[in-house]
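Participant: Contents of final06.txt (compact mmCIF, C-alpha atoms and all ligand atoms) are below:
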```txt
# COMPACT_ATOMS: atom_id res chain seq x y z
CA MET A 1 87.38 149.86 184.44
CA HIS A 2 84.17 148.06 183.56
CA VAL A 3 82.53 148.16 180.14
CA VAL A 4 78.81 147.35 179.96
CA SER A 5 77.21 147.35 176.50
CA PHE A 6 73.51 147.29 175.68
CA THR A 7 72.64 145.43 172.55
CA ASN A 8 69.76 143.83 170.74
CA PRO A 9 69.45 143.91 166.95
CA LYS A 10 65.72 144.39 167.43
CA GLY A 11 64.79 148.05 167.76
CA GLY A 12 62.89 149.55 170.67
CA THR A 13 63.62 146.87 173.28
CA GLY A 14 64.77 149.35 175.92
CA LYS A 15 68.54 149.52 175.31
CA THR A 16 68.86 153.29 175.56
CA THR A 17 66.53 153.64 178.55
CA SER A 18 68.25 150.83 180.47
CA ALA A 19 71.69 152.29 179.62
CA VAL A 20 70.84 155.74 180.98
CA LEU A 21 69.20 154.30 184.08
CA LEU A 22 72.35 152.29 184.78
CA ALA A 23 74.67 155.26 184.17
CA GLU A 24 72.67 157.47 186.54
CA GLN A 25 72.50 154.86 189.29
CA ILE A 26 76.22 154.03 189.16
CA SER A 27 77.13 157.74 189.09
CA ALA A 28 75.13 158.15 192.30
CA THR A 29 77.58 155.80 194.05
CA GLY A 30 80.40 158.28 193.34
CA ALA A 31 82.01 156.31 190.50
CA ARG A 32 83.30 158.09 187.38
CA VAL A 33 80.91 157.08 184.61
CA ALA A 34 80.98 157.69 180.86
CA VAL A 35 78.32 156.79 178.33
CA LEU A 36 79.35 156.07 174.77
CA ASP A 37 76.41 156.65 172.47
CA LEU A 38 77.12 154.52 169.40
CA ASP A 39 73.60 154.77 168.00
CA PRO A 40 73.43 157.06 164.92
CA ASN A 41 70.09 158.29 166.32
CA ALA A 42 72.16 159.66 169.21
CA ASN A 43 69.32 159.70 171.75
CA ILE A 44 71.65 159.98 174.74
CA ALA A 45 73.84 162.64 173.10
CA VAL A 46 70.66 164.63 172.33
CA PHE A 47 69.50 164.15 175.94
CA ALA A 48 72.87 165.43 177.24
CA ALA A 49 72.85 168.41 174.83
CA ALA A 50 69.29 169.37 175.85
CA ARG A 51 70.29 169.29 179.52
CA LYS A 52 73.37 171.38 178.82
CA ARG A 53 71.27 173.99 176.96
CA SER A 54 68.94 174.35 179.95
CA GLY A 55 71.86 174.54 182.38
CA LYS A 56 71.21 171.16 184.04
CA ALA A 57 74.23 169.26 185.34
CA MET A 58 75.09 165.78 184.10
CA PRO A 59 76.24 163.16 186.62
CA PHE A 60 78.06 161.26 183.82
CA ASP A 61 79.92 162.27 180.65
CA VAL A 62 78.51 161.43 177.24
CA PHE A 63 80.61 160.65 174.16
CA SER A 64 79.31 160.34 170.61
CA ARG A 65 79.88 157.78 167.90
CA PRO A 66 83.27 158.27 166.20
CA SER A 67 83.17 159.34 162.55
CA ALA A 68 84.75 156.05 161.45
CA ALA A 69 83.55 152.75 162.98
CA GLU A 70 87.16 151.46 163.16
CA GLU A 71 87.95 154.16 165.74
CA THR A 72 85.53 152.55 168.22
CA VAL A 73 88.00 150.15 169.86
CA GLY A 74 90.60 152.90 170.35
CA LEU A 75 87.96 155.23 171.78
CA ILE A 76 86.74 152.59 174.25
CA ASP A 77 90.32 151.88 175.34
CA ASP A 78 90.96 155.59 175.82
CA LEU A 79 87.78 156.04 177.91
CA SER A 80 88.67 152.91 179.90
CA ASP A 81 91.72 154.73 181.22
CA ARG A 82 89.72 157.72 182.38
CA TYR A 83 86.54 156.29 183.90
CA ASP A 84 85.50 153.60 186.35
CA TYR A 85 82.53 152.51 184.24
CA LEU A 86 81.77 152.85 180.57
CA VAL A 87 78.18 152.27 179.47
CA VAL A 88 77.83 151.69 175.73
CA ASP A 89 74.50 152.17 173.98
CA LEU A 90 74.27 150.35 170.66
CA GLU A 91 71.90 150.73 167.74
CA GLY A 92 69.17 148.19 167.04
CA SER A 93 70.95 146.57 164.08
CA LYS A 94 73.80 144.23 163.24
CA ASP A 95 76.19 146.98 162.17
CA GLN A 96 79.93 146.28 162.26
CA ILE A 97 80.32 148.85 165.04
CA VAL A 98 78.38 146.49 167.33
CA THR A 99 81.09 143.85 166.87
CA PHE A 100 83.82 146.41 167.58
CA ALA A 101 82.13 147.50 170.80
CA LEU A 102 81.41 143.92 171.91
CA SER A 103 85.10 143.04 171.50
CA ARG A 104 85.85 145.46 174.36
CA THR A 105 82.83 144.58 176.53
CA ASP A 106 82.96 142.99 180.00
CA LEU A 107 79.21 142.45 180.22
CA CYS A 108 76.67 142.69 177.46
CA VAL A 109 73.11 143.40 178.61
CA ILE A 110 70.39 142.33 176.18
CA PRO A 111 67.04 143.94 177.00
CA LEU A 112 63.85 142.27 175.83
CA ASP A 113 60.20 142.64 176.71
CA GLY A 114 58.11 139.77 177.92
CA SER A 115 57.02 138.22 174.62
CA ALA A 116 58.11 134.86 173.24
CA MET A 117 58.72 136.53 169.89
CA GLU A 118 61.27 138.90 171.43
CA ALA A 119 62.87 135.97 173.20
CA ARG A 120 63.71 134.45 169.82
CA GLN A 121 65.29 137.70 168.69
CA ALA A 122 67.21 138.04 171.95
CA ALA A 123 68.62 134.58 171.28
CA GLN A 124 70.02 135.99 168.02
CA ALA A 125 71.66 138.78 170.00
CA VAL A 126 73.24 136.15 172.26
CA ASN A 127 74.54 134.37 169.14
CA LEU A 128 76.17 137.58 167.98
CA VAL A 129 77.85 138.06 171.38
CA GLN A 130 79.09 134.46 171.38
CA MET A 131 80.36 134.71 167.82
CA THR A 132 82.27 137.88 168.65
CA GLY A 133 83.73 136.08 171.68
CA ARG A 134 85.00 133.34 169.38
CA MET A 135 86.50 135.94 167.05
CA ILE A 136 88.52 137.51 169.88
CA ARG A 137 89.19 134.08 171.46
CA GLN A 138 87.68 135.01 174.79
CA PRO A 139 84.09 134.57 175.89
CA ILE A 140 82.03 137.75 176.40
CA ALA A 141 79.66 137.62 179.36
CA TYR A 142 76.05 138.50 178.67
CA SER A 143 72.82 138.78 180.59
CA LEU A 144 69.28 139.14 179.37
CA LEU A 145 67.21 141.87 180.99
CA PHE A 146 63.44 141.82 181.02
CA SER A 147 62.68 145.47 180.37
CA ARG A 148 59.28 147.15 180.12
CA THR A 149 57.51 144.29 181.87
CA VAL A 150 54.24 144.81 183.69
CA PRO A 151 54.45 144.40 187.48
CA ALA A 152 52.39 141.19 187.29
CA PHE A 153 54.68 139.67 184.64
CA GLN A 154 55.29 136.26 186.13
CA SER A 155 52.56 134.16 184.83
CA SER A 156 52.24 132.09 181.70
CA ASP A 157 54.04 134.78 179.65
CA GLU A 158 57.21 134.33 181.60
CA ARG A 159 56.97 130.55 181.36
CA ASP A 160 56.68 130.86 177.56
CA VAL A 161 59.64 133.22 177.36
CA ARG A 162 61.83 131.09 179.59
CA ALA A 163 60.92 127.96 177.61
CA GLU A 164 61.79 129.77 174.39
CA LEU A 165 65.13 130.88 175.83
CA ALA A 166 65.94 127.44 177.23
CA ALA A 167 65.23 125.94 173.78
CA SER A 168 67.87 128.32 172.39
CA ASN A 169 70.32 127.44 175.21
CA VAL A 170 70.15 130.95 176.64
CA ALA A 171 70.47 130.78 180.39
CA ASN A 172 71.78 134.06 181.80
CA ILE A 173 68.91 136.26 182.88
CA LEU A 174 69.32 139.22 185.22
CA PRO A 175 67.41 138.48 188.45
CA VAL A 176 65.83 141.98 188.50
CA ARG A 177 63.41 143.19 185.82
CA LEU A 178 62.78 146.74 184.74
CA ILE A 179 59.10 147.46 185.09
CA LYS A 180 57.24 149.52 182.50
CA ARG A 181 56.98 152.93 184.16
CA ALA A 182 55.90 156.35 182.93
CA ALA A 183 58.85 157.81 184.86
CA TYR A 184 61.28 155.95 182.60
CA THR A 185 59.56 157.24 179.45
CA ARG A 186 59.71 160.75 180.84
CA ILE A 187 63.52 160.68 181.09
CA PHE A 188 63.85 161.30 177.36
CA ARG A 189 60.64 163.26 176.89
CA ASP A 190 61.68 165.96 179.38
CA SER A 191 65.48 165.37 179.53
CA LEU A 192 65.12 164.61 183.22
CA LEU A 193 67.19 162.34 185.42
CA LEU A 194 65.24 159.89 187.53
CA SER A 195 66.65 161.55 190.65
CA GLU A 196 65.09 164.88 189.60
CA MET A 197 61.70 163.45 188.83
CA LEU A 198 60.41 163.30 192.38
CA THR A 199 61.16 166.97 193.11
CA THR A 200 59.81 168.06 189.72
CA THR A 201 56.61 166.10 190.25
CA GLU A 202 56.26 167.34 193.83
CA SER A 203 56.13 170.91 192.57
CA GLU A 204 53.72 169.89 189.77
CA VAL A 205 51.24 168.37 192.22
CA ALA A 206 51.61 170.98 194.99
CA GLY A 207 48.18 172.14 196.13
CA ARG A 208 46.38 168.95 195.11
CA SER A 209 44.80 166.60 197.64
CA PRO A 210 47.20 164.33 199.56
CA SER A 211 45.78 161.27 197.82
CA ALA A 212 46.15 162.86 194.37
CA GLN A 213 49.73 163.77 195.25
CA GLU A 214 50.46 160.26 196.45
CA ALA A 215 49.00 158.77 193.27
CA ARG A 216 51.60 160.69 191.23
CA LEU A 217 54.55 160.30 193.60
CA LYS A 218 54.24 156.64 194.54
CA PRO A 219 55.05 155.24 191.05
CA ILE A 220 58.11 157.51 190.86
CA ARG A 221 59.44 156.19 194.16
CA ALA A 222 58.79 152.65 192.89
CA ALA A 223 60.63 153.47 189.64
CA ALA A 224 63.63 154.81 191.60
CA GLU A 225 63.73 151.71 193.78
CA ASN A 226 63.45 149.41 190.75
CA ALA A 227 66.27 151.28 188.96
CA GLN A 228 68.52 150.98 191.99
CA GLN A 229 67.92 147.24 192.33
CA TYR A 230 68.43 146.75 188.61
CA ALA A 231 71.78 148.63 188.69
CA GLN A 232 72.92 146.52 191.64
CA ALA A 233 72.03 143.36 189.71
CA VAL A 234 74.14 144.58 186.76
CA ILE A 235 77.07 145.36 189.09
CA ASN A 236 76.78 141.86 190.57
CA ALA A 237 76.67 140.28 187.09
CA LEU A 238 79.72 142.32 186.14
CA ALA A 239 81.62 141.10 189.21
CA GLU A 240 80.70 137.52 188.35
CA ALA A 241 81.80 138.03 184.73
CA LYS A 242 85.17 139.38 185.89
CA ARG A 243 85.55 136.50 188.36
CA GLN A 244 84.91 133.96 185.60
CA ALA A 245 87.28 135.75 183.21
CA ALA A 246 90.03 135.68 185.88
CA GLU A 247 89.37 131.98 186.43
CA GLN A 248 89.83 131.38 182.71
CA GLY A 249 93.08 133.32 182.80
CA VAL A 250 91.80 136.24 180.73
CA PRO A 251 93.53 139.52 181.68
CA ALA A 252 90.95 141.88 183.30
N1 LIG B 1 61.00 150.33 181.40
C1 LIG B 1 60.38 151.18 180.59
N2 LIG B 1 59.24 151.81 181.01
C2 LIG B 1 58.57 152.66 180.21
N3 LIG B 1 58.95 152.97 178.95
C3 LIG B 1 60.07 152.40 178.47
C4 LIG B 1 60.85 151.49 179.26
N4 LIG B 1 61.91 151.08 178.51
C5 LIG B 1 61.79 151.73 177.33
N5 LIG B 1 60.70 152.51 177.29
C6 LIG B 1 60.20 153.32 176.16
O1 LIG B 1 60.14 152.46 175.02
C7 LIG B 1 60.64 153.10 173.86
C8 LIG B 1 61.86 152.34 173.33
O2 LIG B 1 62.86 152.36 174.34
P1 LIG B 1 64.39 152.63 174.01
O3 LIG B 1 64.56 153.81 173.14
O4 LIG B 1 65.09 152.61 175.31
O5 LIG B 1 64.71 151.30 173.19
P2 LIG B 1 65.98 150.99 172.28
O6 LIG B 1 66.17 149.52 172.34
O7 LIG B 1 67.12 151.83 172.68
O8 LIG B 1 65.48 151.43 170.82
P3 LIG B 1 66.39 151.55 169.48
O9 LIG B 1 66.61 150.14 169.01
O10 LIG B 1 65.52 152.34 168.57
O11 LIG B 1 67.67 152.23 169.87
C9 LIG B 1 60.97 154.53 174.28
O12 LIG B 1 59.85 155.33 173.98
C10 LIG B 1 61.16 154.44 175.79
O13 LIG B 1 60.82 155.65 176.43
MG MG B 2 68.33 153.07 171.53
```
Would you put the structure from the file into structure tokens?

Facilitator:
Amino acid sequence: MHVVSFTNPKGGTGKTTSAVLLAEQISATGARVAVLDLDPNANIAVFAAARKRSGKAMPFDVFSRPSAAEETVGLIDDLSDRYDYLVVDLEGSKDQIVTFALSRTDLCVIPLDGSAMEARQAAQAVNLVQMTGRMIRQPIAYSLLFSRTVPAFQSSDERDVRAELAASNVANILPVRLIKRAAYTRIFRDSLLLSEMLTTTESEVAGRSPSAQEARLKPIRAAAENAQQYAQAVINALAEAKRQAAEQGVPA
């Protein structure tokens, strides 16, 4: 069982979107995947309920925040027995429930956009992960994820962000970024999985000129490819985290 949590005390950095993208991509490999939605705003639980109402299947199971925060650790342990992967979506705050979830996390993904200001806040998220690791006397692996970046994001912005992170001693950055894509925004707007978006859009653009069709379909294919590469990068980071934990003698 692997537990991947998405955290960043700053709101709106892409935690929920990145969590659902990961859950969908891992499910597509045939693994049993659960998502634990610990955000009181319950965006993923609402997404799952909307899909259920319209008779759409879910490739992964969604569980809601327990009524008492102290039940979180027990719930994660219970789900760990029943699924191959557990993806935990956390709220954009420093609530106690975040600490509970982190204490059972194999890899914490910290999404941030490409601004130096967000880099400083992501460094605070890293501090929280490290502090929780000290509390439980075992380090918790983390990786920063550039989410919502523009395709050309490589220039001076990235240099600024990396310099900011290096100054805060934050080194682990996922080698794949999530690009800002309309397809990713549409997941929650229309309760659609990424895998359904191509077929849905194909029927929307049927009858238009081939170039008009291509203009709509090409970004969706790019979004699907990006999501796949991103999920693979998370799986690799997870394997590395487990390898390091084994090396340190921490039971997996
Ligand atoms: N890669 C992306 N491309 C396009 N839109 C994105 C992307 N990532 C996130 N968004 C959009 O940005 C907004 C915030 O994203 P999201 O809800 O995933 O962030 P969050 O960190 O979970 O927020 P909160 O802290 O409120 O829980 C949403 O409208 C979402 O659709
Ligand atoms: Mg969220």

Participant: Could you jot down the CA of Leu102 in chain A to CA of His2 in chain A separation for me, Å, one decimal place?

Facilitator: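 The value is 12.7 Å.
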
Participant: Applying 6 Å and only C-alpha atoms, which residues near range 36-46 of chain A remain after dropping the ones on its own chain fewer than 4 positions away? List them as a list of chain:residue names.

Facilitator: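 So the residues in contact are A:Val62, A:Phe63, A:Ser64, A:Arg65, A:Val88, A:Asp89, A:Leu90, A:Glu91.
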
Participant: Between A:Ala23, A:Ile140, A:Leu178, A:Ala50, which has the minimum distance to ligand LIG 1 (chain B) (counting only C-alpha atoms and all ligand atoms)?

Facilitator: A:Leu178

Participant: Can you tell me, as an MDAnalysis selection string, what residues are no more than 10 Å from Ile187 in chain A when counting all atoms listed in the file, ignoring any on the same chain fewer than 2 positions away?

Facilitator: chainID A and resid 17 20:21 47 182:185 189:194 196:197

Participant: In Å, rounded to a single decimal, give me how far CA of Leu198 in chain A is from CA of Lys218 in chain A.

Facilitator: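 Here the two named atoms are 9.3 Å from each other.
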
Participant: Which residue out of A:Ala171, A:Leu22, A:Met58, A:Leu86 has the minimum interatomic distance to ligand LIG 1 (chain B) when only C-alpha atoms and all ligand atoms are used?

Facilitator: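 Among A:Ala171, A:Leu22, A:Met58, A:Leu86, it is A:Leu22 that comes nearest to ligand LIG 1 (chain B).
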
Participant: Starting from 5 Å padding per side, set up an axis-aligned box that covers all listed atoms of ligand LIG 1 (chain B) and hand over centre and edge lengths in Å, one decimal, as AutoDock Vina command-line options.

Facilitator:
```
--center_x 63.1 --center_y 152.6 --center_z 175.0 --size_x 19.1 --size_y 16.1 --size_z 22.8
```
